[in-house]
Amino acid sequence: MPEKILTSRRRVLFGAAIGAGALVTGCTSNASSSDESAATAPETADKPGKPVTIGFAGPQADHGWLNAINENATRRAEQYEDVTLEITEGSNDTATQIGQITTLINKKVDVLVILPADGKALTQTGLEATRAGIPVVNLDRIFDSPQAYRCWIGGDNYGMGLNAGRYIGERLKDVADAKVVELAGLDTLELTKQRTQGFDDALGNYPNITKVARQAAEFTVESGQAKMAQLLQAQKDFDALWNHDDDQGVGALRAIEQAGRDEFVMVGGAGSKSAMEAIQSDDSVLKATVLYPPTMAASAIDLARALGQGKGVSGLAELEIPSSLTLYSAIVTKDNVEDYLPTGFI
């Protein structure tokens with residue numbers, strides 16, 4: 001998951017439909033459609049263009065979301081007969097990832113897509129690629145310097161919290177003295193602070209709602225179950241729960257079921273397949289999840305291809321792709337879950 005998000009002064013909000021999965025570039029493939037909507041080439045495809053070799057380097061897929069990042073990038077590249085993808089084995093070790101990217105630079109790939117294990121630590125490597133004449137698409141975890149990338153694309157952690165708070169606020173706006181609890185992620189990560197800040201700012205618009213407890217977990221099933229059990233023990237009744245991450249939400253739901261509690265609604269985060277299926281079934285407290293779409297990796301491939309072919313983005317007047325794209329954190333509920341289910345990660 002990301003360690004930083006782009007500051008508001010450096011963002012360009014891009015209101016793309018997340019279910020579509022990727023951007024429509026000025027020159028796209030004529031590849032056939034696929035059942036994997038996140039990886040399917042745009043319907044407005046045209047003839048293949050100049051061949052482009054894209055180097056892709058990401059962290060170790062030790063979380064469902066990160067695994068989905070790799071899958072989205074690979075499947076998207078397969079849709080283009082003019083794209084060759086050079087993908088590295090993911091690593092959370094900074095030195096290893098630097099070595100992998102250096103190898104891609106030495107291979108003289110046309111474009112690099114990098115999701116750094118540590119944005120700050122990999123900034124120099126991004127700068128080296130740029131100096132070598134290789135444009136960089138910085139995916140999600142942002143480099144310290146905008147000179148290290150040509151385009152940044154990623155999710156909106158603050159927006160996740162904001163939309164979770166708005167959804168809960170609207171659910172509880174007529175409930176007197178409503179109580180809310182929060183199961184956050186790792187507090188050492190900037191993304192967790194951003195999600196909490198957005199959530200608190202949204203709740204500030206509803207004077208009848210009070211956040212009575214907050215517990216930080218670790219983005220794992222085990223930590224979600226343990227920390228949720230503690231919250232349930234400490235809070236005998238409340239009206240809503242926001243859980244930052246659907247993976248740890250699996251454990252949270254186990255703790256809730258074991259405690260026999262069902263007096264509140266739960267909102268998840270990130271958009272896992274299991275969370276969406278639970279929302280679809282409508283037989284638990286989980287009623288919504290706020291997306292942090294791994295389809296951004298498919299869009300990054302589109303952007304890299306456009307860079308390699310000297311194209312812009314269809315629908316925009318500019319000849320060049322934007323310098324940054326912040327994806328929208330949509331709320332998935334029973335009403336729209338069928339639209340988003342194909343993008344859910346395992």
# chains A, B, ... in the order shown; residues from 1 in each chain; ligands from 1
>>> closest_atom_pairs(of="stretch 143-191 of chain A", to="stretch 213-226 of chain A", cutoff="6 Å", atoms="only C-alpha atoms", output="CSV")
residue,atom,partner,partner_atom,distance
A:Val181,CA,A:Ala213,CA,4.9
A:Glu182,CA,A:Arg214,CA,4.6
A:Leu183,CA,A:Gln215,CA,5.1
A:Ala184,CA,A:Ala216,CA,4.5
A:Gly185,CA,A:Ala217,CA,4.9
A:Leu186,CA,A:Glu218,CA,4.9
>>> select_by_dssp(residues="stretch 134-271 of chain A", states="strand (DSSP E)", output="ChimeraX atom specification")
/A:136-139,151-154,178-184,209-216,240-243,265-270
>>> write_last_selection(atoms="N, CA and C atoms", output="short mmCIF file (atom, residue, chain, number, x, y, z; two decimals), in the first residue's frame")
data_model
loop_
_atom_site.label_atom_id
_atom_site.label_comp_id
_atom_site.auth_asym_id
_atom_site.auth_seq_id
_atom_site.Cartn_x
_atom_site.Cartn_y
_atom_site.Cartn_z
N VAL A 136 9.45 7.88 -16.77
CA VAL A 136 9.00 7.04 -15.67
C VAL A 136 7.55 7.36 -15.32
N VAL A 137 6.74 6.31 -15.24
CA VAL A 137 5.40 6.43 -14.67
C VAL A 137 5.50 5.94 -13.23
N ASN A 138 5.36 6.85 -12.30
CA ASN A 138 5.47 6.55 -10.86
C ASN A 138 4.09 6.11 -10.37
N LEU A 139 4.00 4.87 -9.95
CA LEU A 139 2.72 4.28 -9.56
C LEU A 139 2.54 4.32 -8.05
N CYS A 151 5.08 11.05 -15.05
CA CYS A 151 3.67 11.04 -14.65
C CYS A 151 3.50 10.24 -13.38
N TRP A 152 2.71 10.74 -12.46
CA TRP A 152 2.34 9.98 -11.26
C TRP A 152 0.88 9.59 -11.38
N ILE A 153 0.55 8.35 -11.06
CA ILE A 153 -0.84 7.90 -10.99
C ILE A 153 -1.02 7.08 -9.72
N GLY A 154 -2.08 7.35 -8.99
CA GLY A 154 -2.28 6.61 -7.75
C GLY A 154 -3.63 6.88 -7.13
N ALA A 178 -25.24 9.50 17.66
CA ALA A 178 -24.67 8.32 17.00
C ALA A 178 -23.20 8.15 17.37
N LYS A 179 -22.78 6.89 17.49
CA LYS A 179 -21.41 6.57 17.86
C LYS A 179 -20.73 5.79 16.73
N VAL A 180 -19.49 6.16 16.45
CA VAL A 180 -18.72 5.53 15.38
C VAL A 180 -17.37 5.09 15.92
N VAL A 181 -16.88 3.94 15.43
CA VAL A 181 -15.53 3.48 15.77
C VAL A 181 -14.74 3.27 14.48
N GLU A 182 -13.42 3.28 14.60
CA GLU A 182 -12.54 3.18 13.44
C GLU A 182 -11.47 2.12 13.68
N LEU A 183 -11.35 1.20 12.73
CA LEU A 183 -10.27 0.21 12.75
C LEU A 183 -9.30 0.62 11.65
N ALA A 184 -8.22 1.28 12.07
CA ALA A 184 -7.27 1.85 11.12
C ALA A 184 -6.22 0.82 10.70
N ILE A 209 -22.87 12.98 15.29
CA ILE A 209 -22.02 11.78 15.29
C ILE A 209 -20.73 12.04 16.06
N THR A 210 -20.37 11.08 16.91
CA THR A 210 -19.12 11.15 17.67
C THR A 210 -18.31 9.88 17.43
N LYS A 211 -17.03 10.05 17.12
CA LYS A 211 -16.14 8.89 17.01
C LYS A 211 -15.66 8.57 18.42
N VAL A 212 -16.07 7.43 18.93
CA VAL A 212 -15.82 7.09 20.34
C VAL A 212 -14.59 6.22 20.54
N ALA A 213 -14.07 5.63 19.47
CA ALA A 213 -12.88 4.78 19.63
C ALA A 213 -12.17 4.60 18.29
N ARG A 214 -10.87 4.40 18.38
CA ARG A 214 -10.03 4.12 17.21
C ARG A 214 -8.95 3.14 17.61
N GLN A 215 -8.76 2.11 16.78
CA GLN A 215 -7.74 1.10 17.05
C GLN A 215 -6.96 0.87 15.76
N ALA A 216 -5.64 0.84 15.85
CA ALA A 216 -4.81 0.59 14.68
C ALA A 216 -4.48 -0.89 14.56
N ALA A 240 -21.70 2.54 13.82
CA ALA A 240 -20.99 2.31 12.56
C ALA A 240 -19.51 2.08 12.83
N LEU A 241 -18.92 1.30 11.93
CA LEU A 241 -17.48 1.00 11.97
C LEU A 241 -16.89 1.27 10.60
N TRP A 242 -15.75 1.99 10.58
CA TRP A 242 -14.99 2.07 9.34
C TRP A 242 -13.68 1.33 9.52
N ASN A 243 -13.48 0.32 8.65
CA ASN A 243 -12.25 -0.46 8.63
C ASN A 243 -11.45 -0.06 7.40
N VAL A 265 -23.41 -0.82 11.29
CA VAL A 265 -23.04 -1.06 9.90
C VAL A 265 -21.52 -0.91 9.78
N MET A 266 -20.94 -1.67 8.88
CA MET A 266 -19.50 -1.65 8.67
C MET A 266 -19.19 -1.20 7.25
N VAL A 267 -18.18 -0.36 7.12
CA VAL A 267 -17.67 0.07 5.82
C VAL A 267 -16.22 -0.37 5.72
N GLY A 268 -15.88 -1.04 4.62
CA GLY A 268 -14.52 -1.51 4.42
C GLY A 268 -13.70 -0.55 3.59
N GLY A 269 -12.49 -1.01 3.22
CA GLY A 269 -11.59 -0.16 2.45
C GLY A 269 -10.73 -0.95 1.48
N ALA A 270 -10.57 -0.46 0.29
CA ALA A 270 -9.68 -0.94 -0.78
C ALA A 270 -10.44 -1.67 -1.88
#
>>> closest_residue(among="A:Thr196, A:Gln79, A:Asn92, A:Thr102", to="A:Ala164", atoms="only C-alpha atoms")
A:Thr196
>>> closest_residue(among="A:Tyr340, A:Leu231, A:Glu320, A:Ser329", to="A:Ala275", atoms="only C-alpha atoms")
A:Tyr340
>>> residues_around(residues="stretch 68-70 of chain A", least_positions_apart="4", cutoff="6 Å", atoms="only C-alpha atoms", output="CSV table (one decimal) with N, CA, C and O atoms, in the first residue's frame")
chain,number,residue,atom,x,y,z
A,294,PRO,N,-6.8,-1.2,-7.6
A,294,PRO,CA,-5.6,-1.7,-8.2
A,294,PRO,C,-5.5,-1.7,-9.7
A,294,PRO,O,-4.5,-1.9,-10.3
A,297,ALA,N,-2.8,0.1,-12.0
A,297,ALA,CA,-1.6,-0.5,-12.6
A,297,ALA,C,-1.9,-0.7,-14.1
A,297,ALA,O,-1.0,-0.6,-15.0
A,345,PHE,N,-10.1,-7.5,-5.8
A,345,PHE,CA,-8.8,-8.2,-5.7
A,345,PHE,C,-9.0,-9.4,-4.7
A,345,PHE,O,-9.8,-9.3,-3.8
